[in-house]
file model_8.cif (mmCIF, C-alpha atoms)
data_my_file
#
loop_
_atom_site.label_atom_id
_atom_site.label_comp_id
_atom_site.auth_asym_id
_atom_site.auth_seq_id
_atom_site.Cartn_x
_atom_site.Cartn_y
_atom_site.Cartn_z
CA MET A 5 -22.33 22.80 21.68
CA LYS A 6 -22.52 25.01 24.77
CA LYS A 7 -19.01 25.78 26.04
CA ILE A 8 -15.56 25.98 24.46
CA VAL A 9 -12.44 26.28 26.62
CA VAL A 10 -9.35 27.82 25.01
CA GLY A 11 -5.91 27.31 26.49
CA VAL A 12 -4.14 30.64 26.21
CA SER A 13 -0.37 31.08 26.22
CA GLU A 14 1.72 34.25 26.10
CA VAL A 15 1.36 34.44 22.31
CA ALA A 16 -2.34 33.58 22.15
CA ALA A 17 -3.36 37.06 21.01
CA SER A 18 -1.76 36.35 17.63
CA HIS A 19 -2.45 32.61 17.50
CA PRO A 20 -5.18 31.22 15.19
CA ALA A 21 -6.47 28.92 17.97
CA THR A 22 -8.26 31.79 19.73
CA ARG A 23 -9.79 33.14 16.53
CA TRP A 24 -10.80 29.62 15.41
CA ALA A 25 -12.54 28.97 18.73
CA MET A 26 -14.35 32.30 18.58
CA GLN A 27 -15.67 31.67 15.07
CA PHE A 28 -16.68 28.11 15.96
CA ALA A 29 -18.49 29.41 19.04
CA LYS A 30 -20.34 32.01 16.99
CA ASP A 31 -21.39 29.38 14.45
CA HIS A 32 -22.68 27.08 17.22
CA ASN A 33 -24.04 29.65 19.68
CA ALA A 34 -21.53 28.62 22.34
CA THR A 35 -19.68 30.56 25.01
CA VAL A 36 -15.88 30.80 25.17
CA GLU A 37 -13.75 30.56 28.28
CA LEU A 38 -10.15 31.72 27.87
CA VAL A 39 -7.85 30.04 30.39
CA HIS A 40 -4.23 30.91 31.10
CA VAL A 41 -2.24 28.84 33.57
CA VAL A 42 0.69 30.32 35.46
CA ASP A 43 3.03 27.34 35.48
CA THR A 44 4.41 26.51 38.93
CA THR A 45 5.73 23.05 38.07
CA TRP A 46 9.23 24.15 37.05
CA GLY A 47 10.38 24.82 40.60
CA HIS A 48 9.87 26.86 43.73
CA ALA A 49 9.10 30.54 43.21
CA PRO A 50 8.78 33.33 45.78
CA LEU A 51 5.22 34.30 46.67
CA ASP A 52 5.66 37.87 45.44
CA TYR A 53 6.84 36.56 42.05
CA ILE A 54 3.74 34.39 41.73
CA GLU A 55 1.49 37.29 42.68
CA ARG A 56 3.07 39.53 40.04
CA ALA A 57 2.79 36.77 37.45
CA MET A 58 -0.89 36.29 38.25
CA LEU A 59 -1.65 40.02 38.02
CA SER A 60 0.22 40.34 34.73
CA ALA A 61 -1.53 37.28 33.30
CA GLU A 62 -4.95 38.58 34.33
CA GLU A 63 -4.29 41.93 32.63
CA ASN A 64 -3.01 40.30 29.44
CA LEU A 65 -5.92 37.86 29.36
CA ARG A 66 -8.45 40.66 29.72
CA ASP A 67 -6.86 42.37 26.70
CA ILE A 68 -6.95 39.14 24.69
CA ALA A 69 -10.60 38.59 25.61
CA GLN A 70 -11.53 42.12 24.54
CA THR A 71 -9.66 41.72 21.24
CA ALA A 72 -11.54 38.48 20.63
CA ARG A 73 -14.89 40.20 21.31
CA ASP A 74 -14.01 43.07 18.98
CA GLU A 75 -12.94 40.77 16.14
CA ILE A 76 -15.96 38.45 16.39
CA PRO A 77 -18.86 40.22 18.11
CA GLY A 78 -21.78 38.36 19.60
CA VAL A 79 -19.86 35.67 21.49
CA VAL A 80 -19.91 35.60 25.29
CA VAL A 81 -16.27 35.46 26.42
CA GLN A 82 -15.04 34.78 29.93
CA SER A 83 -11.44 34.65 31.10
CA HIS A 84 -9.75 32.94 34.03
CA VAL A 85 -6.16 32.65 35.23
CA ARG A 86 -5.25 29.49 37.11
CA LEU A 87 -2.17 28.46 39.02
CA GLY A 88 -0.41 25.08 38.79
CA SER A 89 0.28 22.49 36.09
CA PRO A 90 -0.89 23.70 32.64
CA VAL A 91 -2.07 20.21 31.68
CA ASN A 92 -3.87 19.47 34.93
CA GLU A 93 -5.50 22.89 35.14
CA LEU A 94 -6.71 22.84 31.53
CA VAL A 95 -8.12 19.33 32.01
CA ALA A 96 -9.95 20.58 35.10
CA SER A 97 -11.21 23.66 33.26
CA ALA A 98 -12.63 21.44 30.52
CA SER A 99 -14.57 19.24 32.95
CA ASP A 100 -17.88 20.76 31.83
CA ALA A 101 -16.82 21.86 28.34
CA ASP A 102 -17.83 20.45 24.98
CA LEU A 103 -14.53 21.33 23.36
CA LEU A 104 -10.99 22.24 24.40
CA VAL A 105 -8.99 24.29 21.88
CA ILE A 106 -5.24 24.73 22.20
CA GLY A 107 -2.59 26.15 19.92
CA ALA A 108 0.76 24.73 18.93
CA HIS A 109 3.71 25.91 16.88
CA PRO A 110 5.81 23.65 14.61
CA LEU A 111 8.90 24.55 16.66
CA GLU A 112 7.12 23.27 19.78
CA ARG A 113 6.79 19.70 18.56
CA SER A 114 9.76 18.39 20.47
CA ASP A 115 9.67 20.61 23.54
CA GLY A 116 7.41 20.96 26.55
CA ALA A 117 4.62 22.77 24.71
CA GLY A 118 4.38 20.03 22.09
CA ARG A 119 4.30 17.31 24.72
CA ARG A 120 1.59 19.21 26.57
CA ALA A 121 -0.61 19.14 23.45
CA VAL A 122 -0.25 15.37 23.22
CA ARG A 123 -1.02 14.92 26.93
CA LEU A 124 -4.08 17.14 26.70
CA ALA A 125 -5.38 15.19 23.71
CA ARG A 126 -5.01 12.05 25.81
CA LEU A 127 -6.35 13.30 29.16
CA ALA A 128 -9.03 15.89 28.38
CA PRO A 129 -12.58 14.80 29.24
CA CYS A 130 -13.93 16.33 26.03
CA SER A 131 -12.95 16.59 22.38
CA VAL A 132 -9.75 18.53 21.69
CA ILE A 133 -8.68 20.67 18.76
CA VAL A 134 -5.02 21.50 18.29
CA ALA A 135 -4.58 24.44 15.94
CA PRO A 136 -1.18 25.16 14.37
CA SER A 137 0.30 28.62 14.14
CA GLU A 138 0.09 30.65 10.95
CA VAL A 139 3.41 29.12 9.89
CA ILE A 140 1.19 26.30 8.60
CA PRO A 141 -1.33 27.91 6.21
CA ALA A 142 -4.93 26.70 6.41
CA GLY A 143 -5.85 24.37 3.57
CA THR A 144 -9.23 23.31 2.22
CA GLY A 145 -11.36 20.26 2.81
CA VAL A 146 -11.73 18.04 5.87
CA VAL A 147 -10.15 14.60 6.30
CA VAL A 148 -11.57 12.01 8.72
CA GLY A 149 -10.03 8.70 9.76
CA VAL A 150 -12.53 5.92 10.54
CA ASP A 151 -12.32 2.45 12.05
CA GLY A 152 -15.89 1.63 13.06
CA SER A 153 -15.62 2.84 16.67
CA VAL A 154 -18.17 5.12 18.28
CA GLU A 155 -15.55 7.86 18.38
CA SER A 156 -14.83 7.60 14.66
CA ASP A 157 -18.57 7.82 13.89
CA LEU A 158 -18.67 11.02 15.96
CA ALA A 159 -15.57 12.22 14.09
CA VAL A 160 -17.39 11.78 10.76
CA GLN A 161 -20.32 13.84 12.01
CA PHE A 162 -18.00 16.57 13.27
CA GLY A 163 -16.01 16.61 10.02
CA ALA A 164 -19.09 16.59 7.80
CA GLU A 165 -20.66 19.55 9.60
CA LEU A 166 -17.41 21.52 9.37
CA ALA A 167 -16.87 20.74 5.69
CA ASP A 168 -20.46 21.59 4.80
CA ARG A 169 -20.30 24.87 6.70
CA HIS A 170 -17.25 25.91 4.66
CA ASN A 171 -18.62 24.53 1.37
CA GLU A 172 -15.64 22.17 1.11
CA SER A 173 -15.25 18.46 0.49
CA LEU A 174 -15.05 15.67 3.06
CA THR A 175 -12.57 12.81 2.65
CA VAL A 176 -13.20 9.70 4.77
CA ILE A 177 -10.30 7.25 5.04
CA MET A 178 -10.50 3.67 6.28
CA VAL A 179 -7.15 2.11 7.19
CA TRP A 180 -7.43 -1.67 6.94
CA GLY A 181 -3.92 -2.90 7.77
CA HIS A 182 -4.01 -5.21 10.83
CA PRO A 183 -1.32 -5.14 13.51
CA GLU A 184 0.86 -8.09 14.33
CA ALA A 185 1.62 -9.01 17.92
CA TRP A 186 3.88 -6.60 19.77
CA GLY A 187 7.51 -7.27 19.03
CA LEU A 188 10.73 -6.00 20.52
CA VAL A 189 10.54 -2.71 18.65
CA GLU A 190 6.99 -1.83 17.60
CA PRO A 191 3.91 -3.45 16.05
CA MET A 192 3.91 -3.83 12.28
CA LEU A 193 0.95 -3.70 9.94
CA VAL A 194 0.28 -6.63 7.66
CA GLU A 195 -0.82 -5.40 4.25
CA SER A 196 -3.54 -7.65 2.88
CA ALA A 197 -6.68 -7.09 0.88
CA PRO A 198 -9.40 -5.25 2.79
CA SER A 199 -12.20 -7.53 3.96
CA GLU A 200 -15.90 -7.08 3.30
CA GLU A 201 -16.20 -6.02 6.92
CA ASP A 202 -13.72 -3.21 6.28
CA ARG A 203 -15.66 -2.03 3.23
CA LEU A 204 -18.92 -2.25 5.18
CA THR A 205 -17.43 -0.20 8.02
CA LEU A 206 -16.46 2.53 5.58
CA ALA A 207 -19.89 2.53 3.94
CA GLU A 208 -21.67 2.64 7.30
CA SER A 209 -19.52 5.52 8.48
CA ILE A 210 -20.90 7.82 5.78
CA ALA A 211 -24.44 6.44 5.70
CA GLY A 212 -26.96 9.25 5.99
CA LEU A 213 -24.59 12.09 5.12
CA ALA A 214 -26.23 12.60 1.73
CA VAL A 215 -29.54 13.27 3.47
CA GLN A 216 -28.07 15.48 6.20
CA TYR A 217 -25.82 17.44 3.86
CA PRO A 218 -27.18 17.13 0.30
CA ASP A 219 -24.60 19.52 -1.16
CA LEU A 220 -21.59 17.96 0.57
CA VAL A 221 -19.05 16.25 -1.70
CA VAL A 222 -17.78 13.10 0.03
CA HIS A 223 -14.71 11.13 -1.06
CA THR A 224 -13.84 7.74 0.41
CA GLU A 225 -10.51 5.97 0.47
CA VAL A 226 -9.29 2.60 1.69
CA SER A 227 -5.61 2.54 2.64
CA GLY A 228 -3.26 -0.27 3.57
CA SER A 229 -0.65 2.10 4.99
CA ARG A 230 0.01 2.67 8.67
CA PRO A 231 -2.85 4.84 9.99
CA GLU A 232 -0.70 7.80 11.03
CA VAL A 233 1.13 7.78 7.67
CA ALA A 234 -2.04 7.59 5.57
CA LEU A 235 -3.85 10.28 7.54
CA TYR A 236 -0.86 12.62 7.74
CA SER A 237 -0.33 12.45 3.96
CA ALA A 238 -4.00 13.08 3.22
CA ALA A 239 -4.27 16.00 5.65
CA ILE A 240 -1.26 18.09 4.66
CA ASP A 241 -3.33 20.43 2.46
CA ALA A 242 -6.61 20.09 4.38
CA ARG A 243 -8.39 22.57 6.63
CA MET A 244 -8.62 20.00 9.40
CA LEU A 245 -7.92 16.36 10.21
CA VAL A 246 -10.49 14.67 12.46
CA VAL A 247 -9.86 11.41 14.31
CA GLY A 248 -11.42 9.50 17.19
CA SER A 249 -9.68 9.41 20.54
CA ARG A 250 -9.41 5.62 20.47
CA GLY A 251 -9.97 2.62 18.24
CA ARG A 252 -12.40 -0.26 18.30
CA HIS A 253 -11.00 -3.05 20.42
CA GLY A 254 -8.02 -5.00 21.65
CA LEU A 255 -4.61 -4.30 20.16
CA LEU A 256 -6.16 -2.36 17.30
CA LYS A 257 -7.78 -0.09 19.90
CA ALA A 258 -4.40 0.54 21.53
CA LEU A 259 -2.73 1.18 18.18
CA LEU A 260 -5.38 3.54 16.85
CA GLY A 261 -5.51 5.36 20.18
CA SER A 262 -1.86 6.20 19.69
CA VAL A 263 -2.53 7.45 16.15
CA SER A 264 -4.32 10.57 17.38
CA GLU A 265 -1.37 11.34 19.66
CA ALA A 266 1.12 10.86 16.82
CA LEU A 267 -0.86 13.20 14.59
CA VAL A 268 -1.10 15.84 17.32
CA ALA A 269 2.65 15.61 17.78
CA GLU A 270 3.36 16.01 14.05
CA LEU A 271 0.48 18.42 13.32
CA PRO A 272 0.10 18.29 9.51
CA THR A 273 -2.80 20.75 9.88
CA ALA A 274 -5.33 21.54 12.59
CA VAL A 275 -6.18 18.24 14.30
CA ALA A 276 -9.45 17.43 16.09
CA VAL A 277 -9.45 14.48 18.48
CA ILE A 278 -13.09 13.54 19.08
CA ARG A 279 -14.08 11.93 22.36
CA GLN A 280 -17.41 10.51 23.47
CA ARG A 281 -18.61 12.12 26.67
CA GLY A 282 -19.37 9.79 29.57
#
call {"tool": "encode", "arguments": {"input": "model_8.cif", "output": "structure tokens"}}
result
Amino acid sequence: MKKIVVGVSEVAASHPATRWAMQFAKDHNATVELVHVVDTTWGHAPLDYIERAMLSAEENLRDIAQTARDEIPGVVVQSHVRLGSPVNELVASASDADLLVIGAHPLERSDGAGRRAVRLARLAPCSVIVAPSEVIPAGTGVVVGVDGSVESDLAVQFGAELADRHNESLTVIMVWGHPEAWGLVEPMLVESAPSEEDRLTLAESIAGLAVQYPDLVVHTEVSGSRPEVALYSAAIDARMLVVGSRGRHGLLKALLGSVSEALVAELPTAVAVIRQRG
């Protein structure tokens, strides 16, 4: 972990996303880049207005960066103000980052800010963490959804390291319901007994954790519910929910890829969407 980009809004100074990123950077010896985007997509604005907005944003961002350094010393913090589309500019800023951290508020789920979080989770070139505001209190334990994909294996590793660092438990959930063909409304999951392949996938996903993290308590669960329902329910009281950015293959890949977006939109707790680089 070398670089963490944090999307900063007007309320970022009081948002847990900035503090979370700073602590994570300190734990992993990474640098932090705070990025604020002056949004010009809403319509034409006079040049002098844009210049004032840029100057004000730069001043505010410098203050936020200094507050972050004071609260968690020892982390190298840079700050940049960009002009344009918040989604496009944050995606560009994260081109060489290991992690993009953004904040969201429960009241933003249905408006532009909430939609931006979903789009960033889909388009960012790196893993994304969406941290809720303090309206949602931080829980304990880490929940990971697995399906046998490379991304879900990476999600298990990310979740295990986080849980072990906080001396909390890790819950790994395998959702085994299989989708029917697309219908007129939406795909449905057929509830049937999990196959041996499903059980093997779950076992393989946690193989080696006992050696890597001997003190980590790991719980496993097999669920026949819809993936987003099972993971949302399990994560309500957790510190973080970790999922892969996409599923294994075919229609299941498309369905599970949408699960991460649904969870970001609903935000039961902090959600990490893990993506394989390259």
call {"tool": "residues_around", "arguments": {"input": "model_8.cif", "residues": "range 270-278 of chain A", "least_positions_apart": "3", "cutoff": "8 Å", "atoms": "only C-alpha atoms", "output": "ChimeraX atom specification"}}
result
/A:110,113,125,130-136,140,142-143,155-156,158-159,236,239-249,264,266-267
call {"tool": "resolve_selection", "arguments": {"input": "model_8.cif", "expression": "the PyMOL selection byres ((chain A and resi 147) around 6)", "output": "list of chain:residue names"}}
result
A:Val146, A:Val148, A:Leu174, A:Thr175, A:Val176, A:Leu245
call {"tool": "write_last_selection", "arguments": {"input": "model_8.cif", "atoms": "C-alpha atoms", "output": "compact mmCIF listing (two decimals), keeping the file's coordinate frame"}}
result
# COMPACT_ATOMS: atom_id res chain seq x y z
CA VAL A 146 -11.73 18.04 5.87
CA VAL A 148 -11.57 12.01 8.72
CA LEU A 174 -15.05 15.67 3.06
CA THR A 175 -12.57 12.81 2.65
CA VAL A 176 -13.20 9.70 4.77
CA LEU A 245 -7.92 16.36 10.21
call {"tool": "resolve_selection", "arguments": {"input": "model_8.cif", "expression": "the PyMOL selection byres ((chain A and resi 89) around 10)", "output": "NGL selection string"}}
result
:A and (41-46 or 86-88 or 90-95)
call {"tool": "atom_distance", "arguments": {"input": "model_8.cif", "atom1": "CA of Pro218 in chain A", "atom2": "CA of Ala164 in chain A"}}
result
11.0 Å
call {"tool": "residues_around", "arguments": {"input": "model_8.cif", "residues": "Glu75 in chain A", "least_positions_apart": "2", "cutoff": "12 Å", "atoms": "all atoms listed in the file", "output": "PyMOL selection string"}}
result
chain A and resi 17+22-24+26-27+30+68-73+77-79
call {"tool": "closest_residue", "arguments": {"input": "model_8.cif", "among": "A:Val263, A:Ser199, A:Asp168, A:Glu208", "to": "Gly228 in chain A", "atoms": "all atoms listed in the file"}}
result
A:Ser199
call {"tool": "resolve_selection", "arguments": {"input": "model_8.cif", "expression": "the PyMOL selection byres ((chain A and resi 102) around 12)", "output": "PyMOL selection string"}}
result
chain A and resi 5-10+25+28-29+32+34-37+97-101+103-105+128-133+278-282
call {"tool": "atom_distance", "arguments": {"input": "model_8.cif", "atom1": "CA of Leu127 in chain A", "atom2": "CA of Ala108 in chain A"}}
result
16.9 Å
call {"tool": "atom_distance", "arguments": {"input": "model_8.cif", "atom1": "CA of Gln82 in chain A", "atom2": "CA of Val12 in chain A"}}
result
12.2 Å
call {"tool": "closest_residue", "arguments": {"input": "model_8.cif", "among": "A:Val122, A:Ile76, A:Ser60, A:Asn171", "to": "Ser262 in chain A", "atoms": "only C-alpha atoms"}}
result
A:Val122
call {"tool": "closest_residue", "arguments": {"input": "model_8.cif", "among": "A:Gly163, A:Gly107, A:Gly212, A:Gly149", "to": "Ala269 in chain A", "atoms": "only C-alpha atoms"}}
result
A:Gly107
call {"tool": "closest_residue", "arguments": {"input": "model_8.cif", "among": "A:Leu213, A:Ser229, A:Glu265, A:Leu51", "to": "Val160 in chain A", "atoms": "all atoms listed in the file"}}
result
A:Leu213
call {"tool": "closest_residue", "arguments": {"input": "model_8.cif", "among": "A:His223, A:Arg120, A:Arg56, A:His40", "to": "Gly145 in chain A", "atoms": "all atoms listed in the file"}}
result
A:His223
call {"tool": "build_atoms", "arguments": {"input": "model_8.cif", "residues": "range 29-59 of chain A", "atoms": "N, CA and C atoms", "output": "PDB file, in the frame of the given file"}}
result
ATOM      1  N   ALA A  29     -17.479  29.107  18.025  1.00  0.00           N
ATOM      2  CA  ALA A  29     -18.490  29.410  19.040  1.00  0.00           C
ATOM      3  C   ALA A  29     -19.633  30.234  18.454  1.00  0.00           C
ATOM      4  N   LYS A  30     -19.299  31.193  17.613  1.00  0.00           N
ATOM      5  CA  LYS A  30     -20.340  32.010  16.990  1.00  0.00           C
ATOM      6  C   LYS A  30     -21.241  31.149  16.096  1.00  0.00           C
ATOM      7  N   ASP A  31     -20.626  30.250  15.343  1.00  0.00           N
ATOM      8  CA  ASP A  31     -21.390  29.380  14.450  1.00  0.00           C
ATOM      9  C   ASP A  31     -22.311  28.437  15.214  1.00  0.00           C
ATOM     10  N   HIS A  32     -21.927  28.075  16.454  1.00  0.00           N
ATOM     11  CA  HIS A  32     -22.680  27.080  17.220  1.00  0.00           C
ATOM     12  C   HIS A  32     -23.340  27.662  18.465  1.00  0.00           C
ATOM     13  N   ASN A  33     -23.379  28.982  18.559  1.00  0.00           N
ATOM     14  CA  ASN A  33     -24.040  29.650  19.680  1.00  0.00           C
ATOM     15  C   ASN A  33     -23.496  29.169  21.020  1.00  0.00           C
ATOM     16  N   ALA A  34     -22.191  29.083  21.114  1.00  0.00           N
ATOM     17  CA  ALA A  34     -21.530  28.620  22.340  1.00  0.00           C
ATOM     18  C   ALA A  34     -20.790  29.762  23.013  1.00  0.00           C
ATOM     19  N   THR A  35     -20.491  29.591  24.286  1.00  0.00           N
ATOM     20  CA  THR A  35     -19.680  30.560  25.010  1.00  0.00           C
ATOM     21  C   THR A  35     -18.218  30.121  24.958  1.00  0.00           C
ATOM     22  N   VAL A  36     -17.324  31.064  25.179  1.00  0.00           N
ATOM     23  CA  VAL A  36     -15.880  30.800  25.170  1.00  0.00           C
ATOM     24  C   VAL A  36     -15.291  31.167  26.521  1.00  0.00           C
ATOM     25  N   GLU A  37     -14.490  30.280  27.048  1.00  0.00           N
ATOM     26  CA  GLU A  37     -13.750  30.560  28.280  1.00  0.00           C
ATOM     27  C   GLU A  37     -12.263  30.503  27.973  1.00  0.00           C
ATOM     28  N   LEU A  38     -11.592  31.641  28.076  1.00  0.00           N
ATOM     29  CA  LEU A  38     -10.150  31.720  27.870  1.00  0.00           C
ATOM     30  C   LEU A  38      -9.455  31.411  29.189  1.00  0.00           C
ATOM     31  N   VAL A  39      -8.530  30.457  29.162  1.00  0.00           N
ATOM     32  CA  VAL A  39      -7.850  30.040  30.390  1.00  0.00           C
ATOM     33  C   VAL A  39      -6.340  30.130  30.186  1.00  0.00           C
ATOM     34  N   HIS A  40      -5.690  30.867  31.056  1.00  0.00           N
ATOM     35  CA  HIS A  40      -4.230  30.910  31.100  1.00  0.00           C
ATOM     36  C   HIS A  40      -3.770  30.321  32.422  1.00  0.00           C
ATOM     37  N   VAL A  41      -2.750  29.471  32.354  1.00  0.00           N
ATOM     38  CA  VAL A  41      -2.240  28.840  33.570  1.00  0.00           C
ATOM     39  C   VAL A  41      -0.823  29.351  33.842  1.00  0.00           C
ATOM     40  N   VAL A  42      -0.645  29.933  35.013  1.00  0.00           N
ATOM     41  CA  VAL A  42       0.690  30.320  35.460  1.00  0.00           C
ATOM     42  C   VAL A  42       1.372  29.043  35.951  1.00  0.00           C
ATOM     43  N   ASP A  43       2.390  28.621  35.234  1.00  0.00           N
ATOM     44  CA  ASP A  43       3.030  27.340  35.480  1.00  0.00           C
ATOM     45  C   ASP A  43       3.920  27.402  36.726  1.00  0.00           C
ATOM     46  N   THR A  44       3.595  26.567  37.704  1.00  0.00           N
ATOM     47  CA  THR A  44       4.410  26.510  38.930  1.00  0.00           C
ATOM     48  C   THR A  44       5.124  25.168  39.063  1.00  0.00           C
ATOM     49  N   THR A  45       5.153  24.389  37.980  1.00  0.00           N
ATOM     50  CA  THR A  45       5.730  23.050  38.070  1.00  0.00           C
ATOM     51  C   THR A  45       7.231  23.037  37.846  1.00  0.00           C
ATOM     52  N   TRP A  46       7.802  24.143  37.407  1.00  0.00           N
ATOM     53  CA  TRP A  46       9.230  24.150  37.050  1.00  0.00           C
ATOM     54  C   TRP A  46      10.129  24.330  38.264  1.00  0.00           C
ATOM     55  N   GLY A  47       9.558  24.666  39.399  1.00  0.00           N
ATOM     56  CA  GLY A  47      10.380  24.820  40.600  1.00  0.00           C
ATOM     57  C   GLY A  47       9.760  25.794  41.573  1.00  0.00           C
ATOM     58  N   HIS A  48      10.385  25.962  42.711  1.00  0.00           N
ATOM     59  CA  HIS A  48       9.870  26.860  43.730  1.00  0.00           C
ATOM     60  C   HIS A  48      10.063  28.317  43.308  1.00  0.00           C
ATOM     61  N   ALA A  49       9.016  29.118  43.518  1.00  0.00           N
ATOM     62  CA  ALA A  49       9.100  30.540  43.210  1.00  0.00           C
ATOM     63  C   ALA A  49       8.608  31.339  44.405  1.00  0.00           C
ATOM     64  N   PRO A  50       9.216  32.489  44.665  1.00  0.00           N
ATOM     65  CA  PRO A  50       8.780  33.330  45.780  1.00  0.00           C
ATOM     66  C   PRO A  50       7.321  33.760  45.610  1.00  0.00           C
ATOM     67  N   LEU A  51       6.636  33.944  46.706  1.00  0.00           N
ATOM     68  CA  LEU A  51       5.220  34.300  46.670  1.00  0.00           C
ATOM     69  C   LEU A  51       4.986  35.602  45.921  1.00  0.00           C
ATOM     70  N   ASP A  52       5.858  36.597  46.127  1.00  0.00           N
ATOM     71  CA  ASP A  52       5.660  37.870  45.440  1.00  0.00           C
ATOM     72  C   ASP A  52       5.801  37.723  43.930  1.00  0.00           C
ATOM     73  N   TYR A  53       6.689  36.816  43.494  1.00  0.00           N
ATOM     74  CA  TYR A  53       6.840  36.560  42.050  1.00  0.00           C
ATOM     75  C   TYR A  53       5.555  35.970  41.482  1.00  0.00           C
ATOM     76  N   ILE A  54       4.976  35.022  42.188  1.00  0.00           N
ATOM     77  CA  ILE A  54       3.740  34.390  41.730  1.00  0.00           C
ATOM     78  C   ILE A  54       2.607  35.407  41.666  1.00  0.00           C
ATOM     79  N   GLU A  55       2.541  36.263  42.677  1.00  0.00           N
ATOM     80  CA  GLU A  55       1.490  37.290  42.680  1.00  0.00           C
ATOM     81  C   GLU A  55       1.624  38.236  41.500  1.00  0.00           C
ATOM     82  N   ARG A  56       2.854  38.647  41.199  1.00  0.00           N
ATOM     83  CA  ARG A  56       3.070  39.530  40.040  1.00  0.00           C
ATOM     84  C   ARG A  56       2.724  38.815  38.744  1.00  0.00           C
ATOM     85  N   ALA A  57       3.099  37.549  38.655  1.00  0.00           N
ATOM     86  CA  ALA A  57       2.790  36.770  37.450  1.00  0.00           C
ATOM     87  C   ALA A  57       1.290  36.635  37.254  1.00  0.00           C
ATOM     88  N   MET A  58       0.560  36.417  38.338  1.00  0.00           N
ATOM     89  CA  MET A  58      -0.890  36.290  38.250  1.00  0.00           C
ATOM     90  C   MET A  58      -1.534  37.604  37.809  1.00  0.00           C
ATOM     91  N   LEU A  59      -1.090  38.717  38.390  1.00  0.00           N
ATOM     92  CA  LEU A  59      -1.650  40.020  38.020  1.00  0.00           C
ATOM     93  C   LEU A  59      -1.367  40.353  36.561  1.00  0.00           C
TER      94      LEU A  59
END
